file structure.cif (mmCIF, C-alpha atoms)
data_data
loop_
_atom_site.label_atom_id
_atom_site.label_comp_id
_atom_site.auth_asym_id
_atom_site.auth_seq_id
_atom_site.Cartn_x
_atom_site.Cartn_y
_atom_site.Cartn_z
CA LYS Z 1 8.45 -21.27 -8.04
CA ALA Z 2 9.64 -21.65 -4.45
CA GLY Z 3 7.85 -19.66 -1.77
CA VAL Z 4 9.23 -17.41 0.93
CA THR Z 5 11.60 -19.25 3.24
CA GLN Z 6 12.60 -18.33 6.76
CA THR Z 7 15.30 -19.71 9.00
CA PRO Z 8 15.41 -20.86 11.67
CA ARG Z 9 11.86 -22.05 12.22
CA TYR Z 10 12.16 -22.21 15.98
CA LEU Z 11 14.46 -20.44 18.39
CA ILE Z 12 14.82 -20.31 22.15
CA LYS Z 13 16.89 -17.50 23.63
CA THR Z 14 17.55 -16.01 27.04
CA ARG Z 15 16.76 -12.46 28.10
CA GLY Z 16 19.54 -10.07 27.18
CA GLN Z 17 20.79 -12.12 24.25
CA GLN Z 18 20.48 -11.07 20.64
CA VAL Z 19 19.04 -12.97 17.69
CA THR Z 20 19.21 -12.82 13.90
CA LEU Z 21 16.44 -14.17 11.70
CA SER Z 22 16.74 -14.73 7.98
CA CYS Z 23 14.28 -14.48 5.11
CA SER Z 24 14.63 -15.41 1.44
CA PRO Z 25 11.87 -13.90 -0.72
CA ILE Z 26 10.17 -15.43 -3.72
CA SER Z 27 12.49 -15.26 -6.72
CA GLY Z 28 12.11 -11.88 -8.43
CA HIS Z 29 10.45 -10.20 -5.46
CA ARG Z 30 12.31 -7.09 -4.37
CA SER Z 31 10.27 -5.97 -1.38
CA VAL Z 32 10.58 -7.75 1.95
CA SER Z 33 8.50 -6.86 5.00
CA TRP Z 34 8.77 -8.12 8.55
CA TYR Z 35 5.94 -8.56 11.03
CA GLN Z 36 5.61 -9.60 14.64
CA GLN Z 37 2.55 -11.67 15.54
CA THR Z 38 1.41 -12.20 19.12
CA PRO Z 39 -1.96 -13.41 20.43
CA GLY Z 40 -2.67 -10.09 22.11
CA GLN Z 41 -1.50 -7.63 19.44
CA GLY Z 42 -2.09 -9.48 16.21
CA LEU Z 43 0.14 -8.81 13.21
CA GLN Z 44 2.27 -5.72 13.69
CA PHE Z 45 4.45 -4.22 10.99
CA LEU Z 46 8.14 -3.94 11.83
CA PHE Z 47 9.80 -2.64 8.65
CA GLU Z 48 10.00 -3.01 4.91
CA TYR Z 49 13.04 -3.15 2.65
CA PHE Z 50 13.23 -2.52 -1.06
CA SER Z 51 16.44 -2.61 -3.08
CA GLU Z 52 18.56 -2.79 0.08
CA THR Z 53 16.93 0.34 1.57
CA GLN Z 54 14.58 0.52 4.52
CA ARG Z 55 11.54 2.20 3.03
CA ASN Z 56 8.97 1.91 5.82
CA LYS Z 57 9.25 1.42 9.54
CA GLY Z 58 6.70 0.50 12.16
CA ASN Z 59 6.52 1.61 15.75
CA PHE Z 60 9.09 -0.67 17.36
CA PRO Z 61 12.10 0.24 19.52
CA GLY Z 62 15.57 0.55 18.05
CA ARG Z 63 16.46 -2.92 19.38
CA PHE Z 64 14.73 -4.21 16.26
CA SER Z 65 16.73 -3.69 13.11
CA GLY Z 66 17.05 -5.23 9.71
CA ARG Z 67 18.85 -5.19 6.44
CA GLN Z 68 18.49 -6.42 2.91
CA PHE Z 69 21.18 -7.77 0.66
CA SER Z 70 21.67 -7.30 -3.06
CA ASN Z 71 19.98 -10.65 -3.78
CA SER Z 72 16.88 -9.39 -1.86
CA ARG Z 73 17.45 -11.75 1.05
CA SER Z 74 16.78 -10.02 4.34
CA GLU Z 75 17.79 -10.40 7.94
CA MET Z 76 16.18 -9.09 11.07
CA ASN Z 77 18.07 -8.58 14.31
CA VAL Z 78 16.75 -8.13 17.81
CA SER Z 79 19.25 -7.07 20.46
CA THR Z 80 18.90 -7.26 24.23
CA LEU Z 81 15.97 -9.63 24.10
CA GLU Z 82 13.05 -9.14 26.47
CA LEU Z 83 10.40 -11.65 27.51
CA GLY Z 84 7.84 -9.64 25.54
CA ASP Z 85 9.74 -10.31 22.32
CA SER Z 86 8.45 -13.88 22.34
CA ALA Z 87 6.37 -14.07 19.18
CA LEU Z 88 6.01 -15.45 15.69
CA TYR Z 89 8.13 -13.37 13.33
CA LEU Z 90 6.86 -13.37 9.79
CA CYS Z 91 8.53 -12.25 6.63
CA ALA Z 92 6.53 -11.38 3.51
CA SER Z 93 7.69 -10.58 0.00
CA SER Z 94 6.04 -8.80 -2.87
CA LEU Z 95 6.88 -8.23 -6.51
CA GLU Z 96 5.78 -4.58 -6.57
CA ALA Z 97 5.77 -4.08 -10.29
CA GLY Z 98 2.98 -2.18 -12.01
CA GLY Z 99 1.15 -1.64 -8.76
CA ASP Z 100 1.26 -5.31 -7.78
CA TYR Z 101 1.47 -5.17 -3.99
CA GLU Z 102 0.30 -8.65 -3.06
CA GLN Z 103 2.39 -9.95 -0.16
CA TYR Z 104 3.18 -13.60 0.37
CA PHE Z 105 4.25 -14.83 3.78
CA GLY Z 106 6.91 -17.28 4.80
CA PRO Z 107 6.30 -19.96 7.45
CA GLY Z 108 7.64 -17.74 10.22
CA THR Z 109 10.20 -18.07 12.98
CA ARG Z 110 8.81 -18.87 16.41
CA LEU Z 111 10.99 -17.06 18.97
CA THR Z 112 10.72 -17.90 22.64
CA VAL Z 113 12.59 -15.74 25.14
CA THR Z 114 13.11 -17.23 28.61
CA GLN C 1 -8.70 4.50 16.34
CA LYS C 2 -7.18 1.45 14.73
CA GLU C 3 -6.37 1.57 11.06
CA VAL C 4 -8.21 -1.65 10.31
CA GLU C 5 -11.02 -3.14 12.37
CA GLN C 6 -12.60 -6.54 12.20
CA ASN C 7 -15.16 -8.31 14.32
CA SER C 8 -13.06 -10.85 16.23
CA GLY C 9 -15.92 -13.35 16.29
CA PRO C 10 -16.00 -16.24 16.67
CA LEU C 11 -18.29 -16.63 13.70
CA SER C 12 -19.97 -20.00 13.31
CA VAL C 13 -21.80 -21.12 10.19
CA PRO C 14 -23.18 -24.51 9.16
CA GLU C 15 -21.54 -26.40 6.33
CA GLY C 16 -22.85 -25.24 2.96
CA ALA C 17 -23.89 -21.80 4.20
CA ILE C 18 -22.46 -18.42 3.24
CA ALA C 19 -19.94 -16.93 5.65
CA SER C 20 -19.71 -13.15 5.66
CA LEU C 21 -16.62 -11.45 7.05
CA ASN C 22 -16.38 -7.69 7.41
CA CYS C 23 -13.63 -5.13 7.74
CA THR C 24 -13.58 -1.34 8.05
CA TYR C 25 -10.60 0.95 7.60
CA SER C 26 -9.92 4.49 8.66
CA ASP C 27 -7.63 5.97 6.00
CA ARG C 28 -9.47 7.21 2.92
CA GLY C 29 -6.20 7.10 1.01
CA SER C 30 -6.06 3.31 1.27
CA GLN C 31 -5.29 1.85 -2.10
CA SER C 32 -5.54 -1.91 -2.01
CA PHE C 33 -7.18 -4.49 0.17
CA PHE C 34 -6.36 -8.07 0.97
CA TRP C 35 -7.84 -11.08 2.71
CA TYR C 36 -5.61 -13.68 4.30
CA ARG C 37 -6.54 -17.01 5.84
CA GLN C 38 -4.51 -18.26 8.77
CA TYR C 39 -4.82 -21.73 10.18
CA SER C 40 -3.76 -22.27 13.78
CA GLY C 41 0.01 -22.51 14.01
CA LYS C 42 0.53 -21.54 10.37
CA SER C 43 1.42 -18.34 8.55
CA PRO C 44 -1.16 -16.20 6.72
CA GLU C 45 -2.10 -17.30 3.21
CA LEU C 46 -3.30 -14.75 0.65
CA ILE C 47 -6.74 -15.71 -0.67
CA MET C 48 -8.14 -12.53 -2.26
CA PHE C 49 -7.17 -9.00 -3.13
CA ILE C 50 -9.24 -6.13 -4.51
CA TYR C 51 -8.21 -2.72 -5.75
CA SER C 52 -11.42 -1.21 -7.20
CA ASN C 53 -14.91 -0.59 -5.89
CA GLY C 54 -17.34 -3.43 -6.46
CA ASP C 55 -17.14 -7.19 -6.31
CA LYS C 56 -14.38 -9.58 -7.25
CA GLU C 57 -15.06 -13.29 -7.42
CA ASP C 58 -12.60 -16.19 -7.25
CA GLY C 59 -14.17 -19.60 -6.93
CA ARG C 60 -16.18 -19.76 -3.72
CA PHE C 61 -14.76 -16.44 -2.51
CA THR C 62 -16.10 -12.95 -3.28
CA ALA C 63 -14.43 -9.77 -2.06
CA GLN C 64 -16.53 -6.62 -1.94
CA LEU C 65 -15.11 -3.10 -1.67
CA ASN C 66 -16.95 0.12 -0.92
CA LYS C 67 -14.46 2.96 -0.66
CA ALA C 68 -17.13 5.57 0.12
CA SER C 69 -18.12 3.60 3.22
CA GLN C 70 -14.52 2.48 3.90
CA TYR C 71 -15.69 -1.08 4.04
CA VAL C 72 -14.41 -4.33 2.60
CA SER C 73 -15.95 -7.76 3.01
CA LEU C 74 -15.30 -11.38 2.14
CA LEU C 75 -18.06 -13.83 1.32
CA ILE C 76 -17.39 -17.55 1.37
CA ARG C 77 -20.06 -19.55 -0.43
CA ASP C 78 -20.74 -23.23 0.25
CA SER C 79 -18.61 -23.06 3.41
CA GLN C 80 -16.62 -26.19 4.19
CA PRO C 81 -15.12 -27.39 7.49
CA SER C 82 -11.70 -26.80 5.89
CA ASP C 83 -12.56 -23.08 5.75
CA SER C 84 -12.40 -22.97 9.56
CA ALA C 85 -9.57 -20.54 10.26
CA THR C 86 -8.85 -16.96 11.23
CA TYR C 87 -9.37 -14.47 8.40
CA LEU C 88 -7.21 -11.36 8.38
CA CYS C 89 -8.08 -8.18 6.54
CA ALA C 90 -5.13 -6.09 5.36
CA VAL C 91 -5.01 -2.61 3.88
CA ASN C 92 -2.20 -1.08 1.87
CA ILE C 93 -2.30 2.64 2.59
CA TRP C 94 0.61 3.75 0.47
CA GLY C 95 3.74 2.31 -0.99
CA ASN C 96 4.12 -1.11 0.49
CA GLN C 97 3.07 -0.51 4.10
CA PHE C 98 0.28 -2.76 5.25
CA TYR C 99 -2.01 -2.60 8.24
CA PHE C 100 -3.73 -5.74 9.44
CA GLY C 101 -6.89 -6.25 11.41
CA THR C 102 -6.79 -8.58 14.37
CA GLY C 103 -8.72 -11.23 12.46
CA THR C 104 -12.10 -12.97 12.58
CA SER C 105 -12.23 -16.56 13.73
CA LEU C 106 -14.52 -18.66 11.53
CA THR C 107 -15.82 -22.10 12.43
CA VAL C 108 -17.76 -24.12 9.87
CA ILE C 109 -19.90 -26.73 11.60
CA PRO C 110 -20.36 -30.04 9.72
#
call {"tool": "encode", "arguments": {"input": "structure.cif", "output": "structure tokens"}}
result
Amino acid sequence: KAGVTQTPRYLIKTRGQQVTLSCSPISGHRSVSWYQQTPGQGLQFLFEYFSETQRNKGNFPGRFSGRQFSNSRSEMNVSTLELGDSALYLCASSLEAGGDYEQYFGPGTRLTVT
Amino acid sequence: QKEVEQNSGPLSVPEGAIASLNCTYSDRGSQSFFWYRQYSGKSPELIMFIYSNGDKEDGRFTAQLNKASQYVSLLIRDSQPSDSATYLCAVNIWGNQFYFGTGTSLTVIP
């Protein structure tokens, strides 16, 4: 079974631009979570989607948004990029059936804002 | 107070020794607990999860959970140089919202 995939793998953007990242979960997984990882802050939870609905949200500004499609694929959007948004963005999926909450991560998208 | 705390290390152990990684969490309602391994430049890889008090063994790895003490640990037996990585502790408090510790860097010395 294929793992979680994320595109693109690397991205360089300029301050003020916007960016869209994509995540395809493991087949059959309905929950998709997004995380930001930086050397100083570690892994920080952005939001989680389940059946096309945002179910949980972390403490990030409204510039960070996401959505999930009917096939469970998810996108994350960051508008008005700031230098501090440079990070590794990770997507994780989980089956969530019968209390099965194990999350599996994709390879990540490395975003650099200049 | 952070939800999940780990000793950042670095932790160094000789090859063949037991590496012990520790994690404490603040929310008594936490339901499930996970250990991830992350190599430099790579994404986290799930290596163990535990839902009930006690020990859970998988190969060279043993996860230990003590809900009364709000403490979860990971033991790596017969440590190998390939085990050198950062180990992240994660806690699922409710639903599918996870909190991660900042990780413990482990170096296994040949």
call {"tool": "residues_around", "arguments": {"input": "structure.cif", "residues": "C:Ser43", "least_positions_apart": "3", "cutoff": "8 Å", "atoms": "only C-alpha atoms", "output": "list in words"}}
result
Leu90, Phe105, Gly106, Pro107 and Gly108 of chain Z; Gln38 and Tyr39 of chain C
call {"tool": "atom_distance", "arguments": {"input": "structure.cif", "atom1": "atom CA of Z:Ser31", "atom2": "atom CA of Z:Tyr49"}}
result
5.6 Å
call {"tool": "interface_residues", "arguments": {"input": "structure.cif", "of": "chain C", "to": "chain Z", "cutoff": "7 Å", "atoms": "all atoms listed in the file", "output": "list in words"}}
result
Lys42, Ser43, Pro44, Glu45, Leu46, Asn96, Gln97, Phe100 and Thr102 of chain C
call {"tool": "resolve_selection", "arguments": {"input": "structure.cif", "expression": "the PyMOL selection byres ((chain C and resi 6-16) around 12)", "output": "PyMOL selection string"}}
result
(chain Z and resi 40+42) or (chain C and resi 2-5+17-26+35+60+71-74+76-91+99-110)
call {"tool": "residues_around", "arguments": {"input": "structure.cif", "residues": "C:Met48", "least_positions_apart": "5", "cutoff": "10 Å", "atoms": "all atoms listed in the file", "output": "list in words"}}
result
Glu102 of chain Z; Phe33, Phe34, Trp35, Tyr36, Arg37, Lys56, Glu57, Asp58, Phe61, Thr62, Ala63, Leu74 and Cys89 of chain C
call {"tool": "write_last_selection", "arguments": {"input": "structure.cif", "atoms": "C-alpha atoms", "output": "PDB file, keeping the file's coordinate frame"}}
result
ATOM      1  CA  GLU Z 102       0.300  -8.650  -3.060  1.00  0.00           C
TER       2      GLU Z 102
ATOM      3  CA  PHE C  33      -7.180  -4.490   0.170  1.00  0.00           C
ATOM      4  CA  PHE C  34      -6.360  -8.070   0.970  1.00  0.00           C
ATOM      5  CA  TRP C  35      -7.840 -11.080   2.710  1.00  0.00           C
ATOM      6  CA  TYR C  36      -5.610 -13.680   4.300  1.00  0.00           C
ATOM      7  CA  ARG C  37      -6.540 -17.010   5.840  1.00  0.00           C
ATOM      8  CA  LYS C  56     -14.380  -9.580  -7.250  1.00  0.00           C
ATOM      9  CA  GLU C  57     -15.060 -13.290  -7.420  1.00  0.00           C
ATOM     10  CA  ASP C  58     -12.600 -16.190  -7.250  1.00  0.00           C
ATOM     11  CA  PHE C  61     -14.760 -16.440  -2.510  1.00  0.00           C
ATOM     12  CA  THR C  62     -16.100 -12.950  -3.280  1.00  0.00           C
ATOM     13  CA  ALA C  63     -14.430  -9.770  -2.060  1.00  0.00           C
ATOM     14  CA  LEU C  74     -15.300 -11.380   2.140  1.00  0.00           C
ATOM     15  CA  CYS C  89      -8.080  -8.180   6.540  1.00  0.00           C
TER      16      CYS C  89
END
call {"tool": "residues_around", "arguments": {"input": "structure.cif", "residues": "stretch 17-22 of chain Z", "least_positions_apart": "6", "cutoff": "12 Å", "atoms": "only C-alpha atoms", "output": "JSON, numbers by chain"}}
result
{"Z": [4, 5, 6, 7, 8, 9, 10, 11, 32, 33, 34, 35, 63, 64, 65, 66, 67, 68, 69, 72, 73, 74, 75, 76, 77, 78, 79, 80, 81, 82, 83, 85, 86, 88, 89, 90, 91, 92, 106, 107, 108, 109, 110, 111, 112, 113, 114]}
call {"tool": "atom_distance", "arguments": {"input": "structure.cif", "atom1": "atom CA of Z:His29", "atom2": "atom CA of C:Lys67"}}
result
28.6 Å
call {"tool": "residues_around", "arguments": {"input": "structure.cif", "residues": "C:Ala68", "least_positions_apart": "6", "cutoff": "12 Å", "atoms": "all atoms listed in the file", "output": "VMD selection string"}}
result
chain C and resid 24 to 30 52 to 54
call {"tool": "atom_distance", "arguments": {"input": "structure.cif", "atom1": "atom CA of Z:Thr38", "atom2": "atom CA of Z:Ala87"}}
result
5.3 Å
call {"tool": "axis_aligned_box", "arguments": {"input": "structure.cif", "around": "stretch 83-86 of chain Z", "padding_each_side": "3 Å", "output": "JSON"}}
result
{"center_x": 9.1, "center_y": -11.8, "center_z": 24.9, "size_x": 8.6, "size_y": 10.2, "size_z": 11.2}
call {"tool": "build_atoms", "arguments": {"input": "structure.cif", "residues": "stretch 57-78 of chain C", "atoms": "N, CA, C and O atoms", "output": "PDB file, keeping the file's coordinate frame"}}
result
ATOM      1  N   GLU C  57     -14.762 -11.908  -7.755  1.00  0.00           N
ATOM      2  CA  GLU C  57     -15.060 -13.290  -7.420  1.00  0.00           C
ATOM      3  C   GLU C  57     -13.897 -14.198  -7.810  1.00  0.00           C
ATOM      4  O   GLU C  57     -13.274 -14.024  -8.855  1.00  0.00           O
ATOM      5  N   ASP C  58     -13.622 -15.186  -6.960  1.00  0.00           N
ATOM      6  CA  ASP C  58     -12.600 -16.190  -7.250  1.00  0.00           C
ATOM      7  C   ASP C  58     -13.067 -17.490  -6.617  1.00  0.00           C
ATOM      8  O   ASP C  58     -12.921 -17.687  -5.408  1.00  0.00           O
ATOM      9  N   GLY C  59     -13.654 -18.346  -7.460  1.00  0.00           N
ATOM     10  CA  GLY C  59     -14.170 -19.600  -6.930  1.00  0.00           C
ATOM     11  C   GLY C  59     -15.289 -19.373  -5.933  1.00  0.00           C
ATOM     12  O   GLY C  59     -16.258 -18.674  -6.225  1.00  0.00           O
ATOM     13  N   ARG C  60     -15.150 -19.925  -4.741  1.00  0.00           N
ATOM     14  CA  ARG C  60     -16.180 -19.760  -3.720  1.00  0.00           C
ATOM     15  C   ARG C  60     -16.058 -18.435  -2.961  1.00  0.00           C
ATOM     16  O   ARG C  60     -16.880 -18.127  -2.102  1.00  0.00           O
ATOM     17  N   PHE C  61     -15.027 -17.673  -3.245  1.00  0.00           N
ATOM     18  CA  PHE C  61     -14.760 -16.440  -2.510  1.00  0.00           C
ATOM     19  C   PHE C  61     -15.166 -15.215  -3.337  1.00  0.00           C
ATOM     20  O   PHE C  61     -14.924 -15.154  -4.540  1.00  0.00           O
ATOM     21  N   THR C  62     -15.791 -14.241  -2.670  1.00  0.00           N
ATOM     22  CA  THR C  62     -16.100 -12.950  -3.280  1.00  0.00           C
ATOM     23  C   THR C  62     -15.654 -11.850  -2.330  1.00  0.00           C
ATOM     24  O   THR C  62     -16.057 -11.832  -1.162  1.00  0.00           O
ATOM     25  N   ALA C  63     -14.821 -10.952  -2.835  1.00  0.00           N
ATOM     26  CA  ALA C  63     -14.430  -9.770  -2.060  1.00  0.00           C
ATOM     27  C   ALA C  63     -15.276  -8.601  -2.550  1.00  0.00           C
ATOM     28  O   ALA C  63     -15.523  -8.454  -3.748  1.00  0.00           O
ATOM     29  N   GLN C  64     -15.726  -7.782  -1.612  1.00  0.00           N
ATOM     30  CA  GLN C  64     -16.530  -6.620  -1.940  1.00  0.00           C
ATOM     31  C   GLN C  64     -15.874  -5.385  -1.335  1.00  0.00           C
ATOM     32  O   GLN C  64     -15.490  -5.405  -0.160  1.00  0.00           O
ATOM     33  N   LEU C  65     -15.751  -4.332  -2.134  1.00  0.00           N
ATOM     34  CA  LEU C  65     -15.110  -3.100  -1.670  1.00  0.00           C
ATOM     35  C   LEU C  65     -16.037  -1.915  -1.887  1.00  0.00           C
ATOM     36  O   LEU C  65     -16.587  -1.733  -2.979  1.00  0.00           O
ATOM     37  N   ASN C  66     -16.184  -1.110  -0.847  1.00  0.00           N
ATOM     38  CA  ASN C  66     -16.950   0.120  -0.920  1.00  0.00           C
ATOM     39  C   ASN C  66     -16.088   1.218  -0.309  1.00  0.00           C
ATOM     40  O   ASN C  66     -16.038   1.375   0.913  1.00  0.00           O
ATOM     41  N   LYS C  67     -15.390   1.951  -1.160  1.00  0.00           N
ATOM     42  CA  LYS C  67     -14.460   2.960  -0.660  1.00  0.00           C
ATOM     43  C   LYS C  67     -15.197   4.130  -0.008  1.00  0.00           C
ATOM     44  O   LYS C  67     -14.663   4.738   0.926  1.00  0.00           O
ATOM     45  N   ALA C  68     -16.371   4.460  -0.473  1.00  0.00           N
ATOM     46  CA  ALA C  68     -17.130   5.570   0.120  1.00  0.00           C
ATOM     47  C   ALA C  68     -17.465   5.261   1.576  1.00  0.00           C
ATOM     48  O   ALA C  68     -17.418   6.138   2.440  1.00  0.00           O
ATOM     49  N   SER C  69     -17.782   4.022   1.851  1.00  0.00           N
ATOM     50  CA  SER C  69     -18.120   3.600   3.220  1.00  0.00           C
ATOM     51  C   SER C  69     -16.905   3.060   3.966  1.00  0.00           C
ATOM     52  O   SER C  69     -17.019   2.703   5.145  1.00  0.00           O
ATOM     53  N   GLN C  70     -15.760   2.981   3.291  1.00  0.00           N
ATOM     54  CA  GLN C  70     -14.520   2.480   3.900  1.00  0.00           C
ATOM     55  C   GLN C  70     -14.748   1.083   4.479  1.00  0.00           C
ATOM     56  O   GLN C  70     -14.452   0.833   5.667  1.00  0.00           O
ATOM     57  N   TYR C  71     -15.211   0.226   3.619  1.00  0.00           N
ATOM     58  CA  TYR C  71     -15.690  -1.080   4.040  1.00  0.00           C
ATOM     59  C   TYR C  71     -15.272  -2.119   2.999  1.00  0.00           C
ATOM     60  O   TYR C  71     -15.402  -1.897   1.792  1.00  0.00           O
ATOM     61  N   VAL C  72     -14.747  -3.232   3.498  1.00  0.00           N
ATOM     62  CA  VAL C  72     -14.410  -4.330   2.600  1.00  0.00           C
ATOM     63  C   VAL C  72     -14.899  -5.621   3.256  1.00  0.00           C
ATOM     64  O   VAL C  72     -14.827  -5.765   4.480  1.00  0.00           O
ATOM     65  N   SER C  73     -15.424  -6.521   2.452  1.00  0.00           N
ATOM     66  CA  SER C  73     -15.950  -7.760   3.010  1.00  0.00           C
ATOM     67  C   SER C  73     -15.496  -8.954   2.192  1.00  0.00           C
ATOM     68  O   SER C  73     -15.032  -8.812   1.048  1.00  0.00           O
ATOM     69  N   LEU C  74     -15.621 -10.110   2.807  1.00  0.00           N
ATOM     70  CA  LEU C  74     -15.300 -11.380   2.140  1.00  0.00           C
ATOM     71  C   LEU C  74     -16.474 -12.313   2.359  1.00  0.00           C
ATOM     72  O   LEU C  74     -16.897 -12.533   3.504  1.00  0.00           O
ATOM     73  N   LEU C  75     -16.996 -12.829   1.254  1.00  0.00           N
ATOM     74  CA  LEU C  75     -18.060 -13.830   1.320  1.00  0.00           C
ATOM     75  C   LEU C  75     -17.485 -15.179   0.912  1.00  0.00           C
ATOM     76  O   LEU C  75     -16.760 -15.276  -0.080  1.00  0.00           O
ATOM     77  N   ILE C  76     -17.795 -16.190   1.694  1.00  0.00           N
ATOM     78  CA  ILE C  76     -17.390 -17.550   1.370  1.00  0.00           C
ATOM     79  C   ILE C  76     -18.663 -18.348   1.151  1.00  0.00           C
ATOM     80  O   ILE C  76     -19.445 -18.564   2.084  1.00  0.00           O
ATOM     81  N   ARG C  77     -18.866 -18.762  -0.098  1.00  0.00           N
ATOM     82  CA  ARG C  77     -20.060 -19.550  -0.430  1.00  0.00           C
ATOM     83  C   ARG C  77     -19.784 -21.024  -0.205  1.00  0.00           C
ATOM     84  O   ARG C  77     -18.635 -21.474  -0.276  1.00  0.00           O
ATOM     85  N   ASP C  78     -20.870 -21.781   0.057  1.00  0.00           N
ATOM     86  CA  ASP C  78     -20.740 -23.230   0.250  1.00  0.00           C
ATOM     87  C   ASP C  78     -19.607 -23.525   1.238  1.00  0.00           C
ATOM     88  O   ASP C  78     -18.669 -24.281   0.937  1.00  0.00           O
TER      89      ASP C  78
END
